[in-house]
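**Q** Take a look at the following structure, please.
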Amino acid sequence: MTLVFQQILNGFVVGGTYALFALGFTLIFGVLHVLNLAHGAVFMWGAFVGLFTVTSLGLPLYVAFIAAMLAAGLISVLVDLVAFRPLRARGSPEFAAIISSIGVAQILMSLAQIASQTQVYRFPFGTFPIVFYNVLGLRISLQQIVIVASVVVLVALLLGILFATSFGRQIRAVAISERTAALLGISVSNIHGLTFFISGALAGAAGVIIGIAFNSVHFLMGEPYLLRGFVVIILGGLGSITGALAGGLIFGMVQTLSIAFLSSALSDAILFGMMFLILLVRPSGLFGALHRQVRVVRQ
Amino acid sequence: MLEVTDLATAYDGITALRGVTLRVPTGSMVAIVGPNGAGKSTLLNTISGVLRPHAGTVRFDGADVTRLPAHKVARLGLLQVPEGRQILGPLSVEENLLLGRLARGARAADGTADDLDAVFSLFPILAERRRQEGGSLSGGQQQMLAIGRALMGRPRLLMLDEPSLGLSPIMARQVFDALATLKARGQTILLVEQNARRALASTDFAYVLEQGRIVQEGPSAALASDPRIISHYLPETDLSTS
Amino acid sequence: MTASTLSLEGVSRRFGGVLAVENVSFSVAPGEIVGLIGPNGAGKSTLVNLIAGLLRLTSGRILLGAADISTAEAPEIARAGIARTFQTVRLLKDESVLDNVAIGFHAQQKSPLLARLLALPAALAEVRATREQAFAILERFDMAGFAHVPAGALSYGHQRRVEMMRTLALRPNLILLDEPVAGMNDVEADALGRIFQGIAGEGIGILLIEHNMRFVMSLCGRINVLDSGRIIASGPPAQVRSDPAVVAAYLGA
Amino acid sequence: MIGFVSSLQPLGELVLVNACLAFSQYVVLRAGVFSLATAGFASLGAYGAAILAARHGVPMPLALVGAGLIGAVAGLVLSVPLSRLRGVYQAIATLAFVQIVLSLALYLEPVTGGAMGMNGLPRLIGGWELILVFGVIFYAMLALSRAGIGSTFDAIRQEETVAVSLGIRVVDYHRLAFALSGALGGLGGGLMALRNYSLVPEDFGFPLLIAVLTFVVLGGRVSPVGPVVGAAVLTLLPEIARPLADYRLLVNGVLMVLVIIYWPHGIVDTIRLHLRQRRHAVSQAAP
């Protein structure tokens, strides 16, 4: 029984990191109604920047964390400028946006491949003290506590920005109607840029956390997270902030438990199967978000 | 205050405006009337910067704003209350109003609370509903919210697109009463209305737009008694029955 | 296709708490041009989408002849003989004018799927025949010279014509026209109006939804006036335009 | 000279295999279905063909037909729920399908060999067989364009509401597109299996999905020549321009962004549209 609880606890921690990754992913869909398939690559670059800040510059981890968030935020803004803005100006369909973001993802991955010479990097030993606590018979590491704490702080920060500041109000206004927002004096393109920055910064934070937790940083690390990010945001509902949080936690639990008690290959089949089912039964996700209207049958 | 000269706009492949020229003097209330599909909304959206004209100019307080993007036009104090109200449904009444304040931009930074109070005193119902979602209001209340939201931006010129659209007669009257109050306070207003009689009764000057052209203009009172105007709406109507 | 009457019986549609269309009844007989007018937001588009099979009825029935088509999906409505045009012209902009009209014959294709998949001679012959029929329609509308022009390159008025030709390719017995002369001047509108009269003369019923009062009055035998989702007046043009309720709806009380 | 030509042969074969996979992606995109399932179909077809040919000694042509059938059935099954979805939802659901197939291939070790895959497969397909198969597929794609199905697909892709108003049963055509995509994807996978000596699950993951998508985006989504050109350019480019080989990913990415932004119809369709417009301009100038 303790084993189950231990796995649930581990799943909770893993789920938190997935949620962090997926929040930025879903935020862009919620505001701009496009899927940003370069989100995984931005995340990967966040991990690299964090790593180089520690290894090459010898700066402390918290500085690396902030540097990774800033850098990934800026990269994300670049993604918007290169992949999305030219298409938006022309009113191109969502298909084009997905293709161009895949293209930019490949460019970002390729640059990381060249910069890293296809090697797997690790944070130096001792970057993070290895300390374990025993609570009610469960083993909790300091690392896990810090991960959960930083996820909570970042999520609180995001919710604070979105729901208690003028910027957040403007972001939500743009998400609902770009035209109305513009008529109210909101610069829609600035808000898009801001949204991409926030999204990228969250991905950067997730990159450093995951880079440390799994002690590996490499140019392909974004891809599996992107794929799993899909599951998370579909579970929670495309474009929904609370959905991404809940979806991340569910994902972490199911993944950890299924790996522990079944097999890791089957775990992916279960998770993606879950997503497939949700799409068929409830495309707006478990927590309901945007639902694009489809006009093939009477509504 | 507003001078539109020879404006022409194409939209969805249709030439929606052809050579439109009109003026709105400071402190006046001007109406644009015309049948459905005449290009009235296109005209407001071109002035607002939502649509780009392919010819002509829009000058606001002497400055050329013809090719300015919509948000910059709004920040100059040229504010539109769009057709169908366009309330940001999931946001609360108060959040909708606070967003309206952005358009004030650099023009004035003081007196936030006063503005909210001013809107609430004009539309008391909004004060009662301030925490409710904007989308849960009735049509008339949404129209009041849309006007209140624009007022938060301290408009130098307030443009309204069909403010009585889809409202019951009682609600429509309340909205027009509020406009009369604003006018009495010196607010400059440009009103687009399909309901010609109501529009002509409450404005100083009016333009008649048909198929993208201004076909007639004059003091509202004069137009209201011009039988030809009514014929634009119901051809060959026997006036004695109306 | 045998001509039959379209009848709406107590049709209602609710969106959330709002009745967009409320208890609407009227009919369009073969060869008749019936007008549907009303101020912005009166529910005209909702009504078109209800008939065309894009929206579900909240209550009431829609009949074509004796057949109840209230729940049929849009492709089946089209195959039953109801064609429609759209408020903004919708053409396949990259395809040629001829192809745009030829696609209208889709519902009449007879060769089996396998024959078409393998491009068997029978299927190819059918494609050729379809293109010839499409070309005949082009000639009738004096558009043969534009057959191979991409539809998107045409002027607005010509695009409207292509849409009309595509609609006729369906061999409908009823056509829904959703604001067909929006953005046209009187001369262009009258030219199109004569085409509509010709079509009606062949026994096809037309339901004309339009803003342009002059146009509606000149073309329709009967007019229904919609306001806030309800029919407030119905009858010949002369009677409708002097109806106090109509005057109030358009001019304000 | 002969040495040079023979060195080109494997490359030519790869172009043909890639073109088959590109057609699988092309058929759905042309019909307005945003499916990314080709990699999954290819995986099913590859394992199917390998198991039939290597374990059960089924003759090569039959094994290939089997691969195509497996893909077609998978496509048809998939189409039942997926013809209800649109756009990004369809894309994500098919992505899930690819991942499910991938993880099942890893999991079902007794059948698929798990992560180690299947090794020592007989090489049953060479240049001539490939050319023959490609010829048949290309004919089928041309037939699609000539006998009306292609233009129905075009109508659905460009204006679904119009298509519906003309009596086109969109759901049926989406099913057809899924089934064809499955058959072509399965066949492509079968070709891979029967000329590659070995088979591992990762061959059919996200990178293949993106590669196949790139072929069609680059080549074009309407003319059947498009996918062939796309597959040829992207397969040959790194080989012809050797220094580029190390930057293959970068070149792909840059090409994708540039093409979708500046040539959204792809190479072949852009040229086709351009020629048609010019021809029209000429015919108007000289009536």
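Scheme for the structure tokens: letters A, B, ... for chains in order shown; per-chain residue numbers from 1; ligand numbers from 1 in order shown.
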Can you tell me, as a list of chain:residue names, what residues are no more than 12 Å from Arg90 of chain A when counting only C-alpha atoms, ignoring any on the same chain fewer than 6 positions away?

**A**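 The filter keeps A:Phe84, A:Ala96, A:Ala97, D:Ile260, D:Ile261, D:Tyr262, D:Pro264.
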
**Q** Which residues come within 10 Å of Ala181 of chain A, counting only C-alpha atoms, excluding same-chain residues fewer than 3 positions away, as a list in words?

**A**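 So the residues in contact are Gln170, Ile171, Arg172, Ala173, Val174, Ala175, Ile176, Ser177, Glu178, Leu184, Gly185, Ile186, Ser187 and Val188 of chain A; Ala70, His71, Gln86, Leu88, Leu99 and Gly100 of chain B.
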
**Q** Can I get the selected residues back with C-alpha atoms, as a PDB file, in the first residue's frame?

**A**
```pdb
ATOM      1  CA  GLN A 170      -5.943  42.558 -21.949  1.00  0.00           C
ATOM      2  CA  ILE A 171      -4.737  39.035 -22.718  1.00  0.00           C
ATOM      3  CA  ARG A 172      -8.157  37.634 -21.897  1.00  0.00           C
ATOM      4  CA  ALA A 173      -9.840  40.332 -23.973  1.00  0.00           C
ATOM      5  CA  VAL A 174      -7.664  39.478 -26.985  1.00  0.00           C
ATOM      6  CA  ALA A 175      -8.431  35.790 -26.475  1.00  0.00           C
ATOM      7  CA  ILE A 176     -12.157  36.500 -26.690  1.00  0.00           C
ATOM      8  CA  SER A 177     -12.182  38.976 -29.569  1.00  0.00           C
ATOM      9  CA  GLU A 178      -9.204  40.604 -31.244  1.00  0.00           C
ATOM     10  CA  LEU A 184     -10.791  49.391 -26.931  1.00  0.00           C
ATOM     11  CA  GLY A 185      -7.263  50.583 -27.621  1.00  0.00           C
ATOM     12  CA  ILE A 186      -5.437  47.313 -26.954  1.00  0.00           C
ATOM     13  CA  SER A 187      -2.470  46.636 -29.217  1.00  0.00           C
ATOM     14  CA  VAL A 188      -3.265  43.091 -30.263  1.00  0.00           C
TER      15      VAL A 188
ATOM     16  CA  ALA B  70      -7.508  50.455 -34.741  1.00  0.00           C
ATOM     17  CA  HIS B  71      -5.947  50.533 -31.283  1.00  0.00           C
ATOM     18  CA  GLN B  86     -19.411  42.912 -28.521  1.00  0.00           C
ATOM     19  CA  LEU B  88     -16.427  40.347 -23.626  1.00  0.00           C
ATOM     20  CA  LEU B  99     -10.657  47.570 -20.102  1.00  0.00           C
ATOM     21  CA  GLY B 100     -12.402  50.613 -21.512  1.00  0.00           C
TER      22      GLY B 100
END
```

**Q** Please report, as a PDB file with all heavy atoms, in the first residue's frame, each residue of segment 66-212 of chain B to which DSSP assigns strand (DSSP E) when run on this structure's backbone.

**A**
```
ATOM      1  N   LEU B  78     -11.106  58.412 -30.361  1.00  0.00           N
ATOM      2  CA  LEU B  78     -12.124  58.186 -31.386  1.00  0.00           C
ATOM      3  C   LEU B  78     -12.641  56.778 -31.150  1.00  0.00           C
ATOM      4  O   LEU B  78     -12.076  55.806 -31.622  1.00  0.00           O
ATOM      5  CB  LEU B  78     -11.475  58.336 -32.765  1.00  0.00           C
ATOM      6  CG  LEU B  78     -12.315  58.173 -34.027  1.00  0.00           C
ATOM      7  CD1 LEU B  78     -13.583  58.982 -33.942  1.00  0.00           C
ATOM      8  CD2 LEU B  78     -11.513  58.599 -35.238  1.00  0.00           C
ATOM      9  N   LEU B  79     -13.708  56.652 -30.351  1.00  0.00           N
ATOM     10  CA  LEU B  79     -14.116  55.347 -29.844  1.00  0.00           C
ATOM     11  C   LEU B  79     -15.419  54.877 -30.463  1.00  0.00           C
ATOM     12  O   LEU B  79     -16.368  55.642 -30.609  1.00  0.00           O
ATOM     13  CB  LEU B  79     -14.290  55.415 -28.319  1.00  0.00           C
ATOM     14  CG  LEU B  79     -12.979  55.361 -27.539  1.00  0.00           C
ATOM     15  CD1 LEU B  79     -13.227  55.618 -26.072  1.00  0.00           C
ATOM     16  CD2 LEU B  79     -12.306  54.015 -27.733  1.00  0.00           C
ATOM     17  N   GLN B  80     -15.432  53.599 -30.817  1.00  0.00           N
ATOM     18  CA  GLN B  80     -16.619  53.025 -31.431  1.00  0.00           C
ATOM     19  C   GLN B  80     -17.296  52.033 -30.491  1.00  0.00           C
ATOM     20  O   GLN B  80     -16.621  51.205 -29.874  1.00  0.00           O
ATOM     21  CB  GLN B  80     -16.215  52.282 -32.724  1.00  0.00           C
ATOM     22  CG  GLN B  80     -17.422  51.815 -33.505  1.00  0.00           C
ATOM     23  CD  GLN B  80     -17.134  50.768 -34.574  1.00  0.00           C
ATOM     24  OE1 GLN B  80     -17.992  49.977 -34.898  1.00  0.00           O
ATOM     25  NE2 GLN B  80     -15.923  50.779 -35.128  1.00  0.00           N
ATOM     26  N   VAL B  81     -18.602  52.118 -30.391  1.00  0.00           N
ATOM     27  CA  VAL B  81     -19.391  51.068 -29.743  1.00  0.00           C
ATOM     28  C   VAL B  81     -19.917  50.195 -30.875  1.00  0.00           C
ATOM     29  O   VAL B  81     -20.816  50.593 -31.601  1.00  0.00           O
ATOM     30  CB  VAL B  81     -20.565  51.659 -28.933  1.00  0.00           C
ATOM     31  CG1 VAL B  81     -21.379  50.540 -28.295  1.00  0.00           C
ATOM     32  CG2 VAL B  81     -20.055  52.615 -27.877  1.00  0.00           C
ATOM     33  N   LEU B 157     -14.784  61.640 -29.432  1.00  0.00           N
ATOM     34  CA  LEU B 157     -15.911  61.393 -30.332  1.00  0.00           C
ATOM     35  C   LEU B 157     -16.392  59.973 -30.073  1.00  0.00           C
ATOM     36  O   LEU B 157     -15.603  59.030 -30.117  1.00  0.00           O
ATOM     37  CB  LEU B 157     -15.486  61.552 -31.797  1.00  0.00           C
ATOM     38  CG  LEU B 157     -16.515  61.096 -32.842  1.00  0.00           C
ATOM     39  CD1 LEU B 157     -17.804  61.895 -32.734  1.00  0.00           C
ATOM     40  CD2 LEU B 157     -15.946  61.225 -34.248  1.00  0.00           C
ATOM     41  N   LEU B 158     -17.671  59.850 -29.781  1.00  0.00           N
ATOM     42  CA  LEU B 158     -18.256  58.537 -29.512  1.00  0.00           C
ATOM     43  C   LEU B 158     -19.052  58.115 -30.750  1.00  0.00           C
ATOM     44  O   LEU B 158     -19.967  58.825 -31.171  1.00  0.00           O
ATOM     45  CB  LEU B 158     -19.165  58.633 -28.286  1.00  0.00           C
ATOM     46  CG  LEU B 158     -19.848  57.344 -27.812  1.00  0.00           C
ATOM     47  CD1 LEU B 158     -18.819  56.329 -27.340  1.00  0.00           C
ATOM     48  CD2 LEU B 158     -20.832  57.637 -26.681  1.00  0.00           C
ATOM     49  N   MET B 159     -18.673  56.948 -31.329  1.00  0.00           N
ATOM     50  CA  MET B 159     -19.415  56.457 -32.496  1.00  0.00           C
ATOM     51  C   MET B 159     -20.205  55.236 -32.068  1.00  0.00           C
ATOM     52  O   MET B 159     -19.654  54.321 -31.457  1.00  0.00           O
ATOM     53  CB  MET B 159     -18.446  56.068 -33.612  1.00  0.00           C
ATOM     54  CG  MET B 159     -17.562  57.207 -34.075  1.00  0.00           C
ATOM     55  SD  MET B 159     -16.708  56.800 -35.615  1.00  0.00           S
ATOM     56  CE  MET B 159     -15.559  55.572 -35.061  1.00  0.00           C
ATOM     57  N   LEU B 160     -21.494  55.217 -32.395  1.00  0.00           N
ATOM     58  CA  LEU B 160     -22.327  54.078 -32.014  1.00  0.00           C
ATOM     59  C   LEU B 160     -22.892  53.429 -33.262  1.00  0.00           C
ATOM     60  O   LEU B 160     -23.446  54.111 -34.132  1.00  0.00           O
ATOM     61  CB  LEU B 160     -23.472  54.520 -31.107  1.00  0.00           C
ATOM     62  CG  LEU B 160     -23.049  55.173 -29.791  1.00  0.00           C
ATOM     63  CD1 LEU B 160     -23.413  56.638 -29.800  1.00  0.00           C
ATOM     64  CD2 LEU B 160     -23.652  54.460 -28.609  1.00  0.00           C
ATOM     65  N   ASP B 161     -22.746  52.090 -33.333  1.00  0.00           N
ATOM     66  CA  ASP B 161     -23.260  51.353 -34.484  1.00  0.00           C
ATOM     67  C   ASP B 161     -24.533  50.610 -34.082  1.00  0.00           C
ATOM     68  O   ASP B 161     -24.473  49.640 -33.334  1.00  0.00           O
ATOM     69  CB  ASP B 161     -22.187  50.369 -34.983  1.00  0.00           C
ATOM     70  CG  ASP B 161     -22.509  49.837 -36.372  1.00  0.00           C
ATOM     71  OD1 ASP B 161     -23.618  50.129 -36.878  1.00  0.00           O
ATOM     72  OD2 ASP B 161     -21.660  49.125 -36.947  1.00  0.00           O
ATOM     73  N   THR B 188     -19.531  64.751 -28.071  1.00  0.00           N
ATOM     74  CA  THR B 188     -19.702  64.673 -29.525  1.00  0.00           C
ATOM     75  C   THR B 188     -20.040  63.230 -29.892  1.00  0.00           C
ATOM     76  O   THR B 188     -19.379  62.302 -29.425  1.00  0.00           O
ATOM     77  CB  THR B 188     -18.413  65.095 -30.240  1.00  0.00           C
ATOM     78  OG1 THR B 188     -17.936  66.296 -29.653  1.00  0.00           O
ATOM     79  CG2 THR B 188     -18.652  65.294 -31.721  1.00  0.00           C
ATOM     80  N   ILE B 189     -21.075  63.060 -30.719  1.00  0.00           N
ATOM     81  CA  ILE B 189     -21.554  61.709 -31.018  1.00  0.00           C
ATOM     82  C   ILE B 189     -21.802  61.535 -32.513  1.00  0.00           C
ATOM     83  O   ILE B 189     -22.361  62.427 -33.159  1.00  0.00           O
ATOM     84  CB  ILE B 189     -22.868  61.411 -30.243  1.00  0.00           C
ATOM     85  CG1 ILE B 189     -22.605  61.421 -28.733  1.00  0.00           C
ATOM     86  CG2 ILE B 189     -23.454  60.060 -30.656  1.00  0.00           C
ATOM     87  CD1 ILE B 189     -23.847  61.253 -27.888  1.00  0.00           C
ATOM     88  N   LEU B 190     -21.365  60.385 -33.036  1.00  0.00           N
ATOM     89  CA  LEU B 190     -21.730  59.989 -34.403  1.00  0.00           C
ATOM     90  C   LEU B 190     -22.525  58.695 -34.283  1.00  0.00           C
ATOM     91  O   LEU B 190     -22.024  57.697 -33.769  1.00  0.00           O
ATOM     92  CB  LEU B 190     -20.482  59.774 -35.264  1.00  0.00           C
ATOM     93  CG  LEU B 190     -20.720  59.269 -36.693  1.00  0.00           C
ATOM     94  CD1 LEU B 190     -21.583  60.243 -37.475  1.00  0.00           C
ATOM     95  CD2 LEU B 190     -19.393  59.053 -37.410  1.00  0.00           C
ATOM     96  N   LEU B 191     -23.783  58.739 -34.745  1.00  0.00           N
ATOM     97  CA  LEU B 191     -24.698  57.633 -34.512  1.00  0.00           C
ATOM     98  C   LEU B 191     -25.092  56.993 -35.838  1.00  0.00           C
ATOM     99  O   LEU B 191     -25.511  57.685 -36.767  1.00  0.00           O
ATOM    100  CB  LEU B 191     -25.947  58.188 -33.798  1.00  0.00           C
ATOM    101  CG  LEU B 191     -27.142  57.256 -33.633  1.00  0.00           C
ATOM    102  CD1 LEU B 191     -26.853  56.218 -32.570  1.00  0.00           C
ATOM    103  CD2 LEU B 191     -28.381  58.057 -33.251  1.00  0.00           C
ATOM    104  N   VAL B 192     -24.937  55.673 -35.906  1.00  0.00           N
ATOM    105  CA  VAL B 192     -25.402  54.941 -37.080  1.00  0.00           C
ATOM    106  C   VAL B 192     -26.671  54.214 -36.701  1.00  0.00           C
ATOM    107  O   VAL B 192     -26.713  53.532 -35.677  1.00  0.00           O
ATOM    108  CB  VAL B 192     -24.328  53.936 -37.551  1.00  0.00           C
ATOM    109  CG1 VAL B 192     -24.963  52.807 -38.322  1.00  0.00           C
ATOM    110  CG2 VAL B 192     -23.293  54.637 -38.401  1.00  0.00           C
ATOM    111  N   GLU B 193     -27.734  54.427 -37.470  1.00  0.00           N
ATOM    112  CA  GLU B 193     -28.995  53.790 -37.105  1.00  0.00           C
ATOM    113  C   GLU B 193     -29.767  53.365 -38.336  1.00  0.00           C
ATOM    114  O   GLU B 193     -29.805  54.042 -39.351  1.00  0.00           O
ATOM    115  CB  GLU B 193     -29.861  54.775 -36.300  1.00  0.00           C
ATOM    116  CG  GLU B 193     -29.916  54.479 -34.822  1.00  0.00           C
ATOM    117  CD  GLU B 193     -30.608  53.176 -34.477  1.00  0.00           C
ATOM    118  OE1 GLU B 193     -31.353  52.612 -35.311  1.00  0.00           O
ATOM    119  OE2 GLU B 193     -30.396  52.702 -33.368  1.00  0.00           O
ATOM    120  N   PHE B 205     -27.828  66.747 -37.041  1.00  0.00           N
ATOM    121  CA  PHE B 205     -27.551  66.738 -38.466  1.00  0.00           C
ATOM    122  C   PHE B 205     -27.521  65.275 -38.900  1.00  0.00           C
ATOM    123  O   PHE B 205     -27.208  64.397 -38.095  1.00  0.00           O
ATOM    124  CB  PHE B 205     -26.187  67.392 -38.729  1.00  0.00           C
ATOM    125  CG  PHE B 205     -25.998  67.816 -40.163  1.00  0.00           C
ATOM    126  CD1 PHE B 205     -26.389  69.083 -40.590  1.00  0.00           C
ATOM    127  CD2 PHE B 205     -25.408  66.954 -41.094  1.00  0.00           C
ATOM    128  CE1 PHE B 205     -26.205  69.478 -41.912  1.00  0.00           C
ATOM    129  CE2 PHE B 205     -25.226  67.351 -42.408  1.00  0.00           C
ATOM    130  CZ  PHE B 205     -25.617  68.614 -42.824  1.00  0.00           C
ATOM    131  N   ALA B 206     -27.855  65.007 -40.146  1.00  0.00           N
ATOM    132  CA  ALA B 206     -27.871  63.605 -40.568  1.00  0.00           C
ATOM    133  C   ALA B 206     -27.430  63.452 -42.012  1.00  0.00           C
ATOM    134  O   ALA B 206     -27.581  64.365 -42.836  1.00  0.00           O
ATOM    135  CB  ALA B 206     -29.264  63.009 -40.385  1.00  0.00           C
ATOM    136  N   TYR B 207     -26.815  62.274 -42.266  1.00  0.00           N
ATOM    137  CA  TYR B 207     -26.455  61.892 -43.626  1.00  0.00           C
ATOM    138  C   TYR B 207     -27.228  60.628 -43.976  1.00  0.00           C
ATOM    139  O   TYR B 207     -27.420  59.775 -43.119  1.00  0.00           O
ATOM    140  CB  TYR B 207     -24.962  61.587 -43.719  1.00  0.00           C
ATOM    141  CG  TYR B 207     -24.081  62.783 -43.483  1.00  0.00           C
ATOM    142  CD1 TYR B 207     -23.700  63.145 -42.193  1.00  0.00           C
ATOM    143  CD2 TYR B 207     -23.638  63.547 -44.555  1.00  0.00           C
ATOM    144  CE1 TYR B 207     -22.878  64.236 -41.966  1.00  0.00           C
ATOM    145  CE2 TYR B 207     -22.822  64.652 -44.339  1.00  0.00           C
ATOM    146  CZ  TYR B 207     -22.440  64.983 -43.049  1.00  0.00           C
ATOM    147  OH  TYR B 207     -21.645  66.074 -42.849  1.00  0.00           O
ATOM    148  N   VAL B 208     -27.670  60.525 -45.225  1.00  0.00           N
ATOM    149  CA  VAL B 208     -28.350  59.304 -45.668  1.00  0.00           C
ATOM    150  C   VAL B 208     -27.386  58.532 -46.559  1.00  0.00           C
ATOM    151  O   VAL B 208     -26.874  59.066 -47.553  1.00  0.00           O
ATOM    152  CB  VAL B 208     -29.634  59.631 -46.444  1.00  0.00           C
ATOM    153  CG1 VAL B 208     -30.310  58.328 -46.880  1.00  0.00           C
ATOM    154  CG2 VAL B 208     -30.571  60.464 -45.582  1.00  0.00           C
ATOM    155  N   LEU B 209     -27.096  57.293 -46.157  1.00  0.00           N
ATOM    156  CA  LEU B 209     -26.155  56.454 -46.900  1.00  0.00           C
ATOM    157  C   LEU B 209     -26.946  55.376 -47.627  1.00  0.00           C
ATOM    158  O   LEU B 209     -27.781  54.696 -47.033  1.00  0.00           O
ATOM    159  CB  LEU B 209     -25.171  55.811 -45.908  1.00  0.00           C
ATOM    160  CG  LEU B 209     -23.937  55.124 -46.487  1.00  0.00           C
ATOM    161  CD1 LEU B 209     -23.006  56.139 -47.113  1.00  0.00           C
ATOM    162  CD2 LEU B 209     -23.206  54.360 -45.398  1.00  0.00           C
ATOM    163  N   GLU B 210     -26.684  55.241 -48.927  1.00  0.00           N
ATOM    164  CA  GLU B 210     -27.341  54.189 -49.700  1.00  0.00           C
ATOM    165  C   GLU B 210     -26.350  53.589 -50.664  1.00  0.00           C
ATOM    166  O   GLU B 210     -25.681  54.319 -51.396  1.00  0.00           O
ATOM    167  CB  GLU B 210     -28.525  54.786 -50.481  1.00  0.00           C
ATOM    168  CG  GLU B 210     -29.846  54.437 -49.861  1.00  0.00           C
ATOM    169  CD  GLU B 210     -30.986  54.778 -50.786  1.00  0.00           C
ATOM    170  OE1 GLU B 210     -30.800  54.725 -52.004  1.00  0.00           O
ATOM    171  OE2 GLU B 210     -32.051  55.114 -50.254  1.00  0.00           O
TER     172      GLU B 210
END
```

**Q** I'd like the neighbourhood of segment 186-195 of chain D as a count of residues only, where a residue qualifies if any of its atoms comes within 6 Å (using only C-alpha atoms), though same-chain residues fewer than 6 positions away should be ignored.

**A** 17

**Q** Which neighbours of Phe65 of chain A fall inside 9 Å, counting only C-alpha atoms, when residues of the same chain fewer than 2 positions from it are skipped, and could you give them as a ChimeraX atom specification?

**A** /A:46-47,49-50,53,60-63,67-70,204-205,208-209

**Q** Find the residues near Leu257 of chain A: any atom within 12 Å, counting only C-alpha atoms, skip ones fewer than 5 places away on the same chain, and give them as a VMD selection string.

**A** chain A and resid 3 to 12 14 to 15 250 to 252 262 to 264 266 to 268 270 to 271

**Q** For Leu78 of chain D, find every residue with an atom within 10 Å (counting only C-alpha atoms), except residues of its own chain fewer than 6 positions away, and show them as a ChimeraX atom specification.

**A** /D:37,72,93-94,97,175,178-179,182

**Q** Could you dump the residues just selected with N, CA, C and O atoms as an mmCIF file, in the first residue's frame?

**A**
```cif
data_model
loop_
_atom_site.group_PDB
_atom_site.id
_atom_site.type_symbol
_atom_site.label_atom_id
_atom_site.label_comp_id
_atom_site.auth_asym_id
_atom_site.auth_seq_id
_atom_site.Cartn_x
_atom_site.Cartn_y
_atom_site.Cartn_z
ATOM 1 N N ALA D 37 -1.847 10.464 -39.748
ATOM 2 C CA ALA D 37 -1.794 9.051 -39.389
ATOM 3 C C ALA D 37 -0.865 8.230 -40.275
ATOM 4 O O ALA D 37 -0.627 7.058 -39.984
ATOM 5 N N ALA D 72 -5.543 -0.095 -45.093
ATOM 6 C CA ALA D 72 -6.869 0.372 -45.498
ATOM 7 C C ALA D 72 -7.899 0.117 -44.408
ATOM 8 O O ALA D 72 -8.718 0.985 -44.091
ATOM 9 N N ALA D 93 -5.787 13.859 -32.791
ATOM 10 C CA ALA D 93 -6.282 12.485 -32.622
ATOM 11 C C ALA D 93 -5.460 11.502 -33.453
ATOM 12 O O ALA D 93 -5.130 10.407 -32.987
ATOM 13 N N THR D 94 -5.098 11.903 -34.675
ATOM 14 C CA THR D 94 -4.299 10.984 -35.490
ATOM 15 C C THR D 94 -2.882 10.858 -34.949
ATOM 16 O O THR D 94 -2.262 9.801 -35.036
ATOM 17 N N PHE D 97 -3.032 8.267 -32.536
ATOM 18 C CA PHE D 97 -3.040 6.961 -33.199
ATOM 19 C C PHE D 97 -1.610 6.508 -33.494
ATOM 20 O O PHE D 97 -1.230 5.368 -33.209
ATOM 21 N N ARG D 175 -14.250 9.305 -45.245
ATOM 22 C CA ARG D 175 -13.958 7.877 -45.026
ATOM 23 C C ARG D 175 -13.093 7.349 -46.158
ATOM 24 O O ARG D 175 -12.110 6.636 -45.931
ATOM 25 N N PHE D 178 -9.572 8.546 -45.785
ATOM 26 C CA PHE D 178 -8.874 7.806 -44.725
ATOM 27 C C PHE D 178 -8.480 6.409 -45.213
ATOM 28 O O PHE D 178 -7.366 5.949 -44.967
ATOM 29 N N ALA D 179 -9.416 5.728 -45.897
ATOM 30 C CA ALA D 179 -9.130 4.371 -46.341
ATOM 31 C C ALA D 179 -7.996 4.362 -47.367
ATOM 32 O O ALA D 179 -7.074 3.539 -47.289
ATOM 33 N N GLY D 182 -4.802 5.045 -45.661
ATOM 34 C CA GLY D 182 -4.361 3.845 -44.954
ATOM 35 C C GLY D 182 -3.733 2.840 -45.906
ATOM 36 O O GLY D 182 -2.662 2.289 -45.631
#
```

**Q** Out of C:Ala102, C:Ala107, C:Ile62, C:Ala182, which residue has the shortest atom-to-atom distance to chain B when counting only C-alpha atoms?

**A**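 Selected residue with least distance to chain B: C:Ala182.
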
**Q** Given a cut-off of 6 Å, which residues of chain B touch chain C, counting only C-alpha atoms, written out as a list in words?

**A**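 Listing them in order of chain and number gives Ile14, Asn36, Asn195, Ala196 and Arg197 of chain B.
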
**Q** Report the distance between atom CA of Leu36 of chain C and atom CA of Gly193 of chain C in Å, rounded to one decimal place.

**A**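 Separation between atom CA of Leu36 of chain C and atom CA of Gly193 of chain C: 15.4 Å.
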